[in-house]
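Below: final-v7.txt (compact mmCIF, C-alpha atoms)
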```
# COMPACT_ATOMS: atom_id res chain seq x y z
CA MET A 1 113.80 148.75 99.29
CA THR A 2 110.16 147.63 99.37
CA ASP A 3 109.66 149.08 95.89
CA LEU A 4 112.69 147.18 94.56
CA VAL A 5 111.47 143.89 96.01
CA THR A 6 108.05 144.48 94.46
CA LYS A 7 109.70 144.99 91.07
CA LEU A 8 111.25 141.51 91.32
CA ASN A 9 107.79 140.20 90.35
CA ASP A 10 107.13 142.79 87.65
CA ASN A 11 105.65 141.55 84.37
CA ASP A 12 108.74 142.78 82.49
CA VAL A 13 111.79 140.54 82.86
CA LYS A 14 114.13 143.50 82.32
CA VAL A 15 112.53 145.38 85.22
CA ARG A 16 112.88 142.29 87.39
CA LEU A 17 116.56 141.79 86.65
CA ASP A 18 117.40 145.51 86.93
CA ALA A 19 115.78 145.57 90.38
CA LEU A 20 117.90 142.59 91.42
CA ARG A 21 121.05 144.35 90.17
CA GLU A 22 120.20 147.39 92.28
CA ILE A 23 119.53 145.26 95.38
CA LYS A 24 122.84 143.44 94.93
CA LYS A 25 124.68 146.75 94.44
CA LEU A 26 123.16 148.23 97.60
CA THR A 27 124.02 145.05 99.50
CA ASP A 28 127.64 145.11 98.30
CA GLU A 29 127.88 148.75 99.38
CA GLY A 30 126.67 147.85 102.87
CA LYS A 31 123.47 149.88 102.48
CA LEU A 32 121.37 146.72 102.79
CA PRO A 33 122.09 143.85 105.18
CA ALA A 34 123.87 140.86 103.67
CA PRO A 35 122.00 137.54 103.67
CA ALA A 36 122.76 134.95 106.32
CA ASP A 37 125.67 132.64 105.60
CA THR A 38 124.43 129.03 105.69
CA PRO A 39 125.55 125.72 104.16
CA TYR A 40 122.08 124.93 102.73
CA VAL A 41 121.21 124.14 99.10
CA ASN A 42 117.96 123.58 97.20
CA ASN A 43 117.50 122.14 93.70
CA HIS A 44 113.70 122.18 93.31
CA ILE A 45 112.26 125.70 93.24
CA HIS A 46 109.18 126.36 91.10
CA THR A 47 108.51 129.77 89.57
CA GLN A 48 105.61 131.55 87.89
CA TYR A 49 106.48 129.62 84.73
CA SER A 50 104.67 126.72 86.38
CA PHE A 51 103.03 127.65 89.69
CA SER A 52 104.61 129.85 92.34
CA PRO A 53 104.31 133.27 93.97
CA TYR A 54 107.75 134.07 92.54
CA SER A 55 109.21 135.05 89.19
CA PRO A 56 112.55 133.34 88.45
CA THR A 57 114.29 136.51 89.65
CA LYS A 58 112.21 136.74 92.83
CA ALA A 59 112.67 133.02 93.48
CA LEU A 60 116.45 133.34 93.38
CA TYR A 61 116.31 136.51 95.48
CA MET A 62 114.28 134.61 98.10
CA ALA A 63 116.77 131.74 98.00
CA TRP A 64 119.68 134.18 98.40
CA GLN A 65 117.99 136.05 101.23
CA SER A 66 117.29 132.73 102.96
CA GLY A 67 121.02 132.04 102.99
CA LEU A 68 121.11 129.30 100.37
CA LYS A 69 124.52 128.66 98.83
CA THR A 70 122.97 127.39 95.59
CA ALA A 71 119.50 127.10 94.08
CA GLY A 72 117.83 125.23 91.24
CA ILE A 73 114.84 126.11 89.07
CA MET A 74 112.37 123.27 88.47
CA ASP A 75 109.17 124.18 86.60
CA HIS A 76 106.46 121.82 85.38
CA ASP A 77 106.43 121.35 81.59
CA SER A 78 108.40 124.55 81.04
CA VAL A 79 111.91 125.84 80.51
CA GLY A 80 110.54 129.37 80.01
CA GLY A 81 112.11 130.79 83.17
CA ILE A 82 115.54 129.19 82.87
CA ARG A 83 117.41 131.94 81.01
CA GLU A 84 116.16 134.56 83.47
CA PHE A 85 117.22 132.32 86.36
CA ILE A 86 120.70 131.93 84.85
CA GLU A 87 121.05 135.72 84.53
CA ALA A 88 119.81 136.24 88.10
CA GLY A 89 122.45 133.77 89.27
CA LYS A 90 125.15 135.80 87.51
CA ILE A 91 123.91 139.01 89.15
CA LEU A 92 124.04 137.45 92.61
CA ASP A 93 127.25 135.53 91.87
CA MET A 94 125.35 132.46 93.04
CA PRO A 95 125.80 128.95 91.56
CA ILE A 96 122.53 127.69 90.07
CA THR A 97 121.19 124.62 88.34
CA CYS A 98 118.40 124.26 85.81
CA GLY A 99 115.73 121.60 85.48
CA MET A 100 112.21 120.77 84.38
CA GLU A 101 109.61 118.44 85.89
CA ILE A 102 107.14 116.49 83.76
CA ARG A 103 104.78 113.55 83.99
CA CYS A 104 105.46 110.56 81.77
CA ASP A 105 103.45 107.55 80.70
CA MET A 106 104.69 104.32 82.33
CA SER A 107 101.91 102.09 80.98
CA LYS A 108 104.28 100.14 78.73
CA THR A 109 106.54 99.20 81.62
CA ALA A 110 106.31 96.79 84.55
CA LEU A 111 104.74 99.64 86.58
CA ASN A 112 101.56 99.68 84.48
CA GLY A 113 98.44 99.88 86.65
CA LYS A 114 100.32 100.96 89.77
CA LYS A 115 99.98 104.17 91.74
CA ILE A 116 103.55 105.32 91.29
CA ASN A 117 104.26 108.86 92.54
CA ASN A 118 101.20 110.61 91.12
CA PRO A 119 98.31 111.07 93.60
CA ASP A 120 95.80 111.59 90.79
CA GLN A 121 96.47 108.84 88.28
CA LYS A 122 97.91 105.34 87.97
CA SER A 123 100.61 104.40 85.44
CA VAL A 124 101.84 108.01 85.27
CA ALA A 125 105.01 109.16 87.02
CA TYR A 126 106.57 112.49 87.88
CA VAL A 127 110.12 112.69 86.58
CA ALA A 128 112.69 115.46 86.20
CA LEU A 129 115.30 116.64 83.74
CA HIS A 130 118.10 117.89 85.99
CA GLY A 131 121.24 119.80 85.07
CA ILE A 132 119.97 120.95 81.68
CA PRO A 133 122.93 122.09 79.53
CA HIS A 134 122.29 125.66 78.46
CA GLN A 135 122.67 125.01 74.73
CA SER A 136 119.88 122.38 75.02
CA ILE A 137 117.17 124.69 76.40
CA ASP A 138 115.60 125.23 72.97
CA MET A 139 115.71 121.50 72.20
CA ILE A 140 113.80 120.73 75.37
CA GLU A 141 111.30 123.52 74.71
CA GLU A 142 110.64 122.04 71.27
CA PHE A 143 110.08 118.66 72.92
CA ILE A 144 107.70 119.84 75.66
CA ALA A 145 105.67 122.55 73.88
CA PRO A 146 103.24 120.18 72.10
CA TYR A 147 102.55 118.34 75.37
CA ARG A 148 101.88 121.67 77.10
CA ALA A 149 99.30 122.50 74.41
CA LYS A 150 97.60 119.13 74.93
CA ARG A 151 97.52 119.79 78.66
CA ASN A 152 95.61 123.02 78.10
CA GLU A 153 92.92 121.13 76.17
CA ARG A 154 92.37 119.00 79.27
CA ASN A 155 92.60 122.04 81.54
CA LYS A 156 89.62 123.58 79.72
CA LYS A 157 87.58 120.43 80.23
CA MET A 158 88.46 120.31 83.94
CA CYS A 159 87.31 123.93 84.31
CA GLU A 160 84.00 122.85 82.77
CA ASN A 161 83.78 120.03 85.32
CA ILE A 162 84.39 122.47 88.17
CA THR A 163 81.71 124.79 86.83
CA GLU A 164 79.22 121.93 86.98
CA LEU A 165 80.18 121.37 90.63
CA VAL A 166 79.93 125.01 91.71
CA LYS A 167 77.18 126.30 89.42
CA PRO A 168 74.44 125.59 92.01
CA TYR A 169 76.19 128.12 94.27
CA GLY A 170 76.33 130.90 91.68
CA LEU A 171 79.95 130.29 90.67
CA GLU A 172 81.65 129.34 87.40
CA LEU A 173 85.21 128.93 86.17
CA ASP A 174 86.31 129.84 82.66
CA PHE A 175 89.75 128.70 81.52
CA GLU A 176 90.49 131.61 79.18
CA ARG A 177 89.11 134.33 81.43
CA ASP A 178 89.91 133.11 84.95
CA VAL A 179 92.83 130.67 84.76
CA LEU A 180 95.08 131.60 81.85
CA PRO A 181 95.82 135.15 83.15
CA LEU A 182 97.25 133.61 86.34
CA SER A 183 99.96 131.87 84.30
CA LYS A 184 102.95 132.69 82.10
CA ALA A 185 101.50 130.61 79.26
CA ALA A 186 102.10 133.38 76.72
CA GLU A 187 105.83 133.22 77.57
CA GLY A 188 106.24 129.46 77.47
CA GLY A 189 104.93 128.75 80.94
CA SER A 190 102.63 125.88 81.83
CA VAL A 191 99.13 125.83 83.31
CA THR A 192 98.63 123.26 86.07
CA GLU A 193 95.88 122.01 88.34
CA ARG A 194 97.19 124.48 90.90
CA HIS A 195 96.38 127.38 88.58
CA ILE A 196 92.83 126.05 88.20
CA LEU A 197 92.34 125.68 91.94
CA PHE A 198 93.93 129.07 92.62
CA ALA A 199 91.41 130.63 90.23
CA LEU A 200 88.64 128.81 92.09
CA ALA A 201 89.98 130.04 95.42
CA LYS A 202 89.82 133.61 94.11
CA LYS A 203 86.22 133.10 92.92
CA VAL A 204 85.19 131.72 96.31
CA THR A 205 86.88 134.44 98.36
CA ALA A 206 85.21 137.08 96.18
CA LYS A 207 81.79 135.56 96.92
CA TYR A 208 82.40 134.69 100.57
CA PRO A 209 84.21 137.62 102.22
CA THR A 210 85.22 136.02 105.53
CA PRO A 211 87.41 132.97 106.22
CA ARG A 212 84.59 131.38 108.27
CA GLN A 213 82.22 131.66 105.32
CA VAL A 214 84.81 130.12 103.03
CA VAL A 215 85.42 127.17 105.37
CA ASP A 216 81.66 126.64 105.84
CA PHE A 217 81.10 126.70 102.07
CA PHE A 218 83.76 124.11 101.38
CA LYS A 219 82.88 121.84 104.31
CA ASN A 220 79.08 122.06 104.30
CA ASP A 221 78.25 122.70 100.65
CA MET A 222 81.15 121.19 98.70
CA HIS A 223 81.96 118.50 101.31
CA VAL A 224 85.69 119.16 101.11
CA ALA A 225 87.42 117.57 104.10
CA MET A 226 90.11 119.57 105.87
CA SER A 227 92.63 118.71 108.54
CA SER A 228 92.40 120.80 111.69
CA LYS A 229 95.78 122.34 110.79
CA VAL A 230 94.68 123.48 107.33
CA GLU A 231 91.28 124.66 108.57
CA GLY A 232 93.01 126.71 111.26
CA GLN A 233 95.32 128.30 108.69
CA ILE A 234 92.37 129.30 106.51
CA LEU A 235 90.36 130.63 109.45
CA ASN A 236 93.36 132.80 110.32
CA GLY A 237 93.36 134.23 106.81
CA GLU A 238 92.57 137.80 107.80
CA ASN A 239 95.82 137.84 109.78
CA THR A 240 97.84 136.12 107.05
CA PRO A 241 96.60 137.67 103.79
CA ASP A 242 99.70 136.67 101.81
CA PHE A 243 99.02 133.00 102.59
CA TYR A 244 95.21 132.95 102.55
CA GLU A 245 94.41 131.91 98.97
CA TYR A 246 97.41 129.54 98.89
CA ASP A 247 96.12 127.82 102.04
CA ILE A 248 92.72 127.39 100.36
CA LEU A 249 94.47 126.04 97.27
CA GLY A 250 96.33 123.46 99.40
CA ALA A 251 93.09 122.22 100.95
CA LEU A 252 91.40 121.97 97.55
CA LYS A 253 94.34 120.13 95.97
CA ALA A 254 94.34 117.55 98.75
CA GLU A 255 90.63 116.81 98.70
CA MET A 256 88.85 118.16 95.61
CA VAL A 257 90.95 117.19 92.59
CA GLU A 258 89.31 113.77 92.31
CA LYS A 259 85.92 115.48 91.90
CA PHE A 260 86.87 117.17 88.61
CA TYR A 261 90.06 115.43 87.46
CA ILE A 262 90.34 114.02 83.95
CA ASP A 263 93.10 111.52 83.32
CA ALA A 264 96.10 112.94 81.48
CA ASP A 265 96.89 111.01 78.32
CA GLU A 266 98.27 112.70 75.21
CA GLU A 267 99.99 115.36 77.31
CA CYS A 268 102.27 112.76 78.93
CA PRO A 269 105.23 111.68 76.81
CA SER A 270 106.16 108.04 77.04
CA VAL A 271 108.96 107.30 79.47
CA TYR A 272 110.99 106.09 76.49
CA ASP A 273 110.70 109.46 74.71
CA TYR A 274 111.58 111.22 77.96
CA ILE A 275 114.75 109.14 78.42
CA ASP A 276 115.63 109.76 74.78
CA VAL A 277 115.40 113.57 75.08
CA CYS A 278 117.46 113.47 78.28
CA ASN A 279 120.16 111.49 76.50
CA LYS A 280 120.18 113.77 73.45
CA SER A 281 120.15 117.00 75.44
CA GLY A 282 122.68 115.97 78.08
CA ALA A 283 120.12 116.44 80.88
CA ILE A 284 120.08 114.02 83.82
CA SER A 285 117.00 111.79 83.92
CA ALA A 286 115.68 111.54 87.48
CA TYR A 287 112.76 109.66 88.97
CA ALA A 288 111.00 111.66 91.70
CA TYR A 289 110.48 109.39 94.72
CA LEU A 290 107.37 110.29 96.71
CA GLY A 291 106.90 107.40 99.14
CA ASP A 292 103.87 106.57 101.22
CA VAL A 293 102.30 109.74 102.64
CA GLY A 294 101.07 110.04 106.20
CA ASP A 295 100.59 113.61 107.44
CA SER A 296 101.39 115.69 104.36
CA VAL A 297 103.90 118.37 105.30
CA THR A 298 102.74 120.58 102.45
CA GLY A 299 99.06 120.11 103.30
CA ASP A 300 98.12 119.25 99.71
CA LYS A 301 98.26 115.43 99.77
CA LYS A 302 95.97 112.94 101.41
CA ALA A 303 97.37 110.00 103.35
CA GLN A 304 98.04 107.46 100.61
CA LYS A 305 100.35 104.61 99.67
CA PHE A 306 102.70 104.94 96.76
CA GLU A 307 105.95 103.13 95.87
CA ASP A 308 107.11 101.74 99.21
CA ASP A 309 105.42 98.35 98.84
CA TYR A 310 107.23 97.58 95.58
CA LEU A 311 110.60 99.34 95.76
CA PRO A 312 112.53 96.35 94.30
CA LEU A 313 110.31 96.36 91.20
CA LEU A 314 110.52 100.16 90.97
CA PHE A 315 114.32 100.22 90.99
CA ASP A 316 114.62 97.25 88.64
CA THR A 317 112.38 99.14 86.22
CA LEU A 318 114.22 102.44 86.57
CA LYS A 319 117.54 100.75 85.85
CA GLU A 320 116.14 98.84 82.90
CA LEU A 321 114.69 102.05 81.42
CA GLY A 322 118.02 103.84 81.75
CA PHE A 323 117.32 106.41 84.47
CA ASP A 324 120.39 108.25 85.72
CA ALA A 325 119.15 109.45 89.10
CA VAL A 326 116.53 109.52 91.83
CA THR A 327 115.41 112.79 93.38
CA TYR A 328 113.76 112.95 96.80
CA MET A 329 112.89 115.41 99.56
CA PRO A 330 113.95 114.73 103.16
CA THR A 331 111.20 117.13 104.28
CA ARG A 332 108.58 114.68 103.03
CA ASN A 333 109.82 111.30 104.18
CA THR A 334 110.96 109.45 107.27
CA GLU A 335 114.56 108.42 107.79
CA ASP A 336 113.59 104.77 107.38
CA GLN A 337 111.95 105.48 104.02
CA LEU A 338 114.97 107.34 102.72
CA LYS A 339 117.48 104.83 104.08
CA ARG A 340 115.78 102.21 101.90
CA VAL A 341 115.80 104.51 98.87
CA MET A 342 119.44 105.46 99.38
CA SER A 343 120.48 101.83 99.68
CA TYR A 344 118.75 101.01 96.38
CA CYS A 345 120.37 104.01 94.71
CA ASP A 346 123.80 102.78 95.82
CA ARG A 347 123.03 99.25 94.68
CA TYR A 348 121.97 100.43 91.21
CA ASN A 349 124.67 103.14 90.83
CA LEU A 350 122.07 105.93 90.64
CA PHE A 351 122.84 109.58 91.30
CA GLN A 352 120.93 111.00 94.30
CA ILE A 353 119.53 114.54 94.04
CA SER A 354 117.43 116.41 96.56
CA GLY A 355 115.58 119.67 97.08
CA VAL A 356 112.52 121.28 98.64
CA ASP A 357 109.48 121.64 96.38
CA ILE A 358 108.79 125.41 96.62
CA ASN A 359 105.46 126.62 95.20
CA SER A 360 103.77 128.40 98.12
CA PRO A 361 104.69 131.46 100.21
CA ARG A 362 104.43 129.40 103.40
CA GLN A 363 107.30 127.15 102.40
CA GLU A 364 110.79 127.67 103.74
CA PHE A 365 113.55 127.56 101.14
CA ILE A 366 115.90 125.86 103.58
CA CYS A 367 115.76 122.11 104.16
CA ARG A 368 116.93 121.82 107.77
CA GLN A 369 116.97 118.04 107.48
CA LEU A 370 120.29 118.55 105.67
CA ASP A 371 121.76 119.12 109.14
CA ASN A 372 121.36 115.37 109.62
CA PRO A 373 124.66 113.61 108.76
CA LEU A 374 122.56 110.94 107.02
CA TYR A 375 121.95 113.43 104.20
CA ALA A 376 125.39 115.07 104.03
CA HIS A 377 126.03 113.45 100.64
CA LEU A 378 123.15 115.45 99.14
CA VAL A 379 125.13 118.68 99.49
CA ASP A 380 128.07 117.17 97.60
CA ALA A 381 125.58 115.91 95.02
CA THR A 382 124.23 119.42 94.52
CA TYR A 383 127.67 120.83 93.77
CA ALA A 384 128.33 117.89 91.46
CA LEU A 385 125.04 118.60 89.68
CA ILE A 386 126.05 122.23 89.16
CA GLY A 387 129.55 121.26 88.04
CA ALA A 388 128.19 118.70 85.60
CA GLU A 389 125.78 121.27 84.16
CA ASN A 390 128.63 123.75 83.75
CA GLU A 391 130.82 121.20 81.97
CA ALA A 392 128.00 119.90 79.75
CA SER A 393 127.14 123.49 78.80
CA LYS A 394 130.63 123.70 77.29
CA ASP A 395 130.46 120.31 75.55
CA LEU A 396 127.75 117.64 75.78
CA ASN A 397 130.47 114.98 75.79
CA ASN A 398 131.34 116.28 79.25
CA ALA A 399 127.84 115.57 80.63
CA MET A 400 127.74 113.42 83.76
CA PHE A 401 125.99 110.57 81.94
CA SER A 402 127.46 110.87 78.45
CA ASP A 403 128.81 107.68 76.91
CA LYS A 404 132.32 109.12 77.23
CA THR A 405 131.97 109.95 80.93
CA ILE A 406 130.39 106.59 81.82
CA LEU A 407 133.18 104.74 80.01
CA GLU A 408 135.92 106.76 81.70
CA THR A 409 134.32 106.90 85.17
CA PRO A 410 131.81 104.08 85.72
CA SER A 411 131.15 104.83 89.40
CA VAL A 412 128.62 107.60 90.08
CA LYS A 413 130.34 108.33 93.40
CA ASP A 414 133.62 108.92 91.58
CA ARG A 415 131.84 111.24 89.14
CA ILE A 416 130.37 113.21 92.04
CA ALA A 417 133.83 113.67 93.51
CA TYR A 418 135.05 115.02 90.17
CA TYR A 419 132.15 117.24 89.14
CA LYS A 420 131.74 118.95 92.51
CA THR A 421 135.14 120.56 91.85
CA LYS A 422 133.66 122.12 88.69
CA ALA A 423 130.78 123.98 90.40
```
Spit out the file's structure as structure tokens when you get a sec.
Amino acid sequence: MTDLVTKLNDNDVKVRLDALREIKKLTDEGKLPAPADTPYVNNHIHTQYSFSPYSPTKALYMAWQSGLKTAGIMDHDSVGGIREFIEAGKILDMPITCGMEIRCDMSKTALNGKKINNPDQKSVAYVALHGIPHQSIDMIEEFIAPYRAKRNERNKKMCENITELVKPYGLELDFERDVLPLSKAAEGGSVTERHILFALAKKVTAKYPTPRQVVDFFKNDMHVAMSSKVEGQILNGENTPDFYEYDILGALKAEMVEKFYIDADEECPSVYDYIDVCNKSGAISAYAYLGDVGDSVTGDKKAQKFEDDYLPLLFDTLKELGFDAVTYMPTRNTEDQLKRVMSYCDRYNLFQISGVDINSPRQEFICRQLDNPLYAHLVDATYALIGAENEASKDLNNAMFSDKTILETPSVKDRIAYYKTKA
């Protein structure tokens, strides 16, 4: 069994999927224990096609083993893992949904100059394409590929900036040699700041063999601040080797990015082009609400203020731009924050989508906040998302936000009631 699970992250997609078929067969025969039966869902799972410990096959296996009823792939700037995820869903007989997360330029909107939902840069927002119809995967790849190439030009420059920071300590970071091999770039995957920091974490742990030496280097030499929680996790690295470099990555992402970051420009499509490709492809355009951050649950964000001070302007702008939905994570926000967001979504007839942002082995696939009756509608929304994707994959006129569907069923809540029967 251990060998089969290892193969789920093999470099060959065929090996990965064949291993999943064998695991499912052994489970059906009662030779392996069946996963727990839970009501939980998750629409926001990253894979190695952006940054994650998991291939698309392994990601869905982990979701299945966790007891999820459904799961959704959501990679940054990449649809490279979607077809594998779809096939893995068929093997497990598990409903899935497909998406992609990108950053878009909001500088020509009323949100220009504001810190929106991006900790690193003003006037740039994280958004998602949810429920991508399967016949539109190639269209979206054609749209995003040039932006991914532009991103890699900036990635190289950021690696040069990091080298200047760490060169006095006998370290350097080369994009082609150290970062690119950690990605699936050759297969249509993206390279993110997390890849860069993961490569740096590997360089540091190679030079400083104990967790105490690593912490001392970052705190005393690099002046990277760490919370007591994160520092404790890193210091315990010898006992948690699977988490160790990811814990270092989380600390670096929270505190070091500003030291080497270069503003993204040409790699960010305008929000107008993003809305246009969503409309043409049948994907659901969704703004990713972040909200003011206190104690970051993922350990990779500093306490900062984001959209909460100007929610009326935010929602006015989203509606004016033609957004279909808002996506948010109950694991990240307080009830009061999300009550405000939900009330605005209802007021503006916006679809509400949720999930847990999975990109680290420490993260649990299950969002236990869904036990709260306040969020019960998010489960229905997930099944509606899947049903809408299924119907749009047959005919784009059946998409949840096609002109035909909006005309026939103006209310988003009525559409949810219909599409959840199609999951």
Have a look at CA of Asp316 (chain A) and CA of Tyr419 (chain A) and let me know their distance in Å, one decimal.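 Going from CA of Asp316 (chain A) over to CA of Tyr419 (chain A), I get 26.6 Å.
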Within 8 Å of file point (90.0, 122.8, 97.0), counting all atoms listed in the file, expressed as a VMD selection string: chain A and resid 197 200 to 201 218 224 248 to 257
So how far away is CA of Met400 (chain A) from CA of His44 (chain A), in Å?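 Atom-to-atom, CA of His44 (chain A) and CA of Met400 (chain A) are spaced 19.1 Å apart.
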Pairwise distance, CA of Lys203 (chain A) with CA of Val215 (chain A), equals 13.8 Å
For Val277 (chain A): contacts at 12 Å, only C-alpha atoms, fewer than 6 positions along chain excluded, given as a PyMOL selection string: chain A and resi 128-129+132+136-144+269-271+283-285+323
Can you work out which one of A:Thr192, A:Gln337, A:Asn397, A:Gln213 has the shortest atom-to-atom distance to Glu307 (chain A), counting all atoms listed in the file? A:Gln337
Which region 105-224 of chain A residues have any atom within 7 Å of an atom of region 389-394 of chain A, and for each, what is the nearest pair of atoms with distance in Å to one decimal, counting all atoms listed in the file, rows sorted by chain and number, as CSV?
```
residue,atom,partner,partner_atom,distance
A:Gly131,CA,A:Glu389,CA,4.9
A:Ile132,CA,A:Glu389,CA,6.3
A:Pro133,CA,A:Ser393,CA,4.5
A:His134,CA,A:Ser393,CA,5.3
A:Gln135,CA,A:Ser393,CA,6.2
```
Residues near Asp263 (chain A), anyone? I mean within 9 Å using only C-alpha atoms, not counting same-chain ones fewer than 4 positions away, as a ChimeraX atom specification. /A:120-121,154
Of the listed residues A:Lys219, A:Arg151, A:His130, A:Arg368, that which approaches Ile353 (chain A) most closely, counting only C-alpha atoms: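 Residue with the minimum atom-to-atom distance to Ile353 (chain A): A:His130.
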For region 63-161 of chain A versus region 369-379 of chain A, which residues have an atom no more than 12 Å away, and what is each residue's nearest atom pair and distance in Å rounded to one decimal, using only C-alpha atoms, chain-then-number order, as a tab-separated table?
```
residue	atom	partner	partner_atom	distance
A:Leu68	CA	A:Val379	CA	11.4
A:Lys69	CA	A:Val379	CA	10.0
A:Thr70	CA	A:Val379	CA	9.8
A:Ala71	CA	A:Val379	CA	11.5
```
Pull C-alpha atoms from the residues just selected and write them as a short mmCIF file (atom, residue, chain, number, x, y, z; two decimals), in the frame of the given file.
```
data_model
loop_
_atom_site.label_atom_id
_atom_site.label_comp_id
_atom_site.auth_asym_id
_atom_site.auth_seq_id
_atom_site.Cartn_x
_atom_site.Cartn_y
_atom_site.Cartn_z
CA LEU A 68 121.11 129.30 100.37
CA LYS A 69 124.52 128.66 98.83
CA THR A 70 122.97 127.39 95.59
CA ALA A 71 119.50 127.10 94.08
#
```
Exercise: region 175-188 of chain A partners within 10 Å, all atoms listed in the file, chain neighbours under 4 positions left out, as a PyMOL selection string: chain A and resi 11+47-52+55+77-81+141+144-145+148-149+152-153+155-160+192-200+202-203
Would you mind exporting the chosen residues as an mmCIF file, in the coordinates of the input, restricted to C-alpha atoms?
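Wrote part05.cif, looks like this:
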```cif
data_model
loop_
_atom_site.group_PDB
_atom_site.id
_atom_site.type_symbol
_atom_site.label_atom_id
_atom_site.label_comp_id
_atom_site.auth_asym_id
_atom_site.auth_seq_id
_atom_site.Cartn_x
_atom_site.Cartn_y
_atom_site.Cartn_z
ATOM 1 C CA ASN A 11 105.650 141.550 84.370
ATOM 2 C CA THR A 47 108.510 129.770 89.570
ATOM 3 C CA GLN A 48 105.610 131.550 87.890
ATOM 4 C CA TYR A 49 106.480 129.620 84.730
ATOM 5 C CA SER A 50 104.670 126.720 86.380
ATOM 6 C CA PHE A 51 103.030 127.650 89.690
ATOM 7 C CA SER A 52 104.610 129.850 92.340
ATOM 8 C CA SER A 55 109.210 135.050 89.190
ATOM 9 C CA ASP A 77 106.430 121.350 81.590
ATOM 10 C CA SER A 78 108.400 124.550 81.040
ATOM 11 C CA VAL A 79 111.910 125.840 80.510
ATOM 12 C CA GLY A 80 110.540 129.370 80.010
ATOM 13 C CA GLY A 81 112.110 130.790 83.170
ATOM 14 C CA GLU A 141 111.300 123.520 74.710
ATOM 15 C CA ILE A 144 107.700 119.840 75.660
ATOM 16 C CA ALA A 145 105.670 122.550 73.880
ATOM 17 C CA ARG A 148 101.880 121.670 77.100
ATOM 18 C CA ALA A 149 99.300 122.500 74.410
ATOM 19 C CA ASN A 152 95.610 123.020 78.100
ATOM 20 C CA GLU A 153 92.920 121.130 76.170
ATOM 21 C CA ASN A 155 92.600 122.040 81.540
ATOM 22 C CA LYS A 156 89.620 123.580 79.720
ATOM 23 C CA LYS A 157 87.580 120.430 80.230
ATOM 24 C CA MET A 158 88.460 120.310 83.940
ATOM 25 C CA CYS A 159 87.310 123.930 84.310
ATOM 26 C CA GLU A 160 84.000 122.850 82.770
ATOM 27 C CA THR A 192 98.630 123.260 86.070
ATOM 28 C CA GLU A 193 95.880 122.010 88.340
ATOM 29 C CA ARG A 194 97.190 124.480 90.900
ATOM 30 C CA HIS A 195 96.380 127.380 88.580
ATOM 31 C CA ILE A 196 92.830 126.050 88.200
ATOM 32 C CA LEU A 197 92.340 125.680 91.940
ATOM 33 C CA PHE A 198 93.930 129.070 92.620
ATOM 34 C CA ALA A 199 91.410 130.630 90.230
ATOM 35 C CA LEU A 200 88.640 128.810 92.090
ATOM 36 C CA LYS A 202 89.820 133.610 94.110
ATOM 37 C CA LYS A 203 86.220 133.100 92.920
#
```
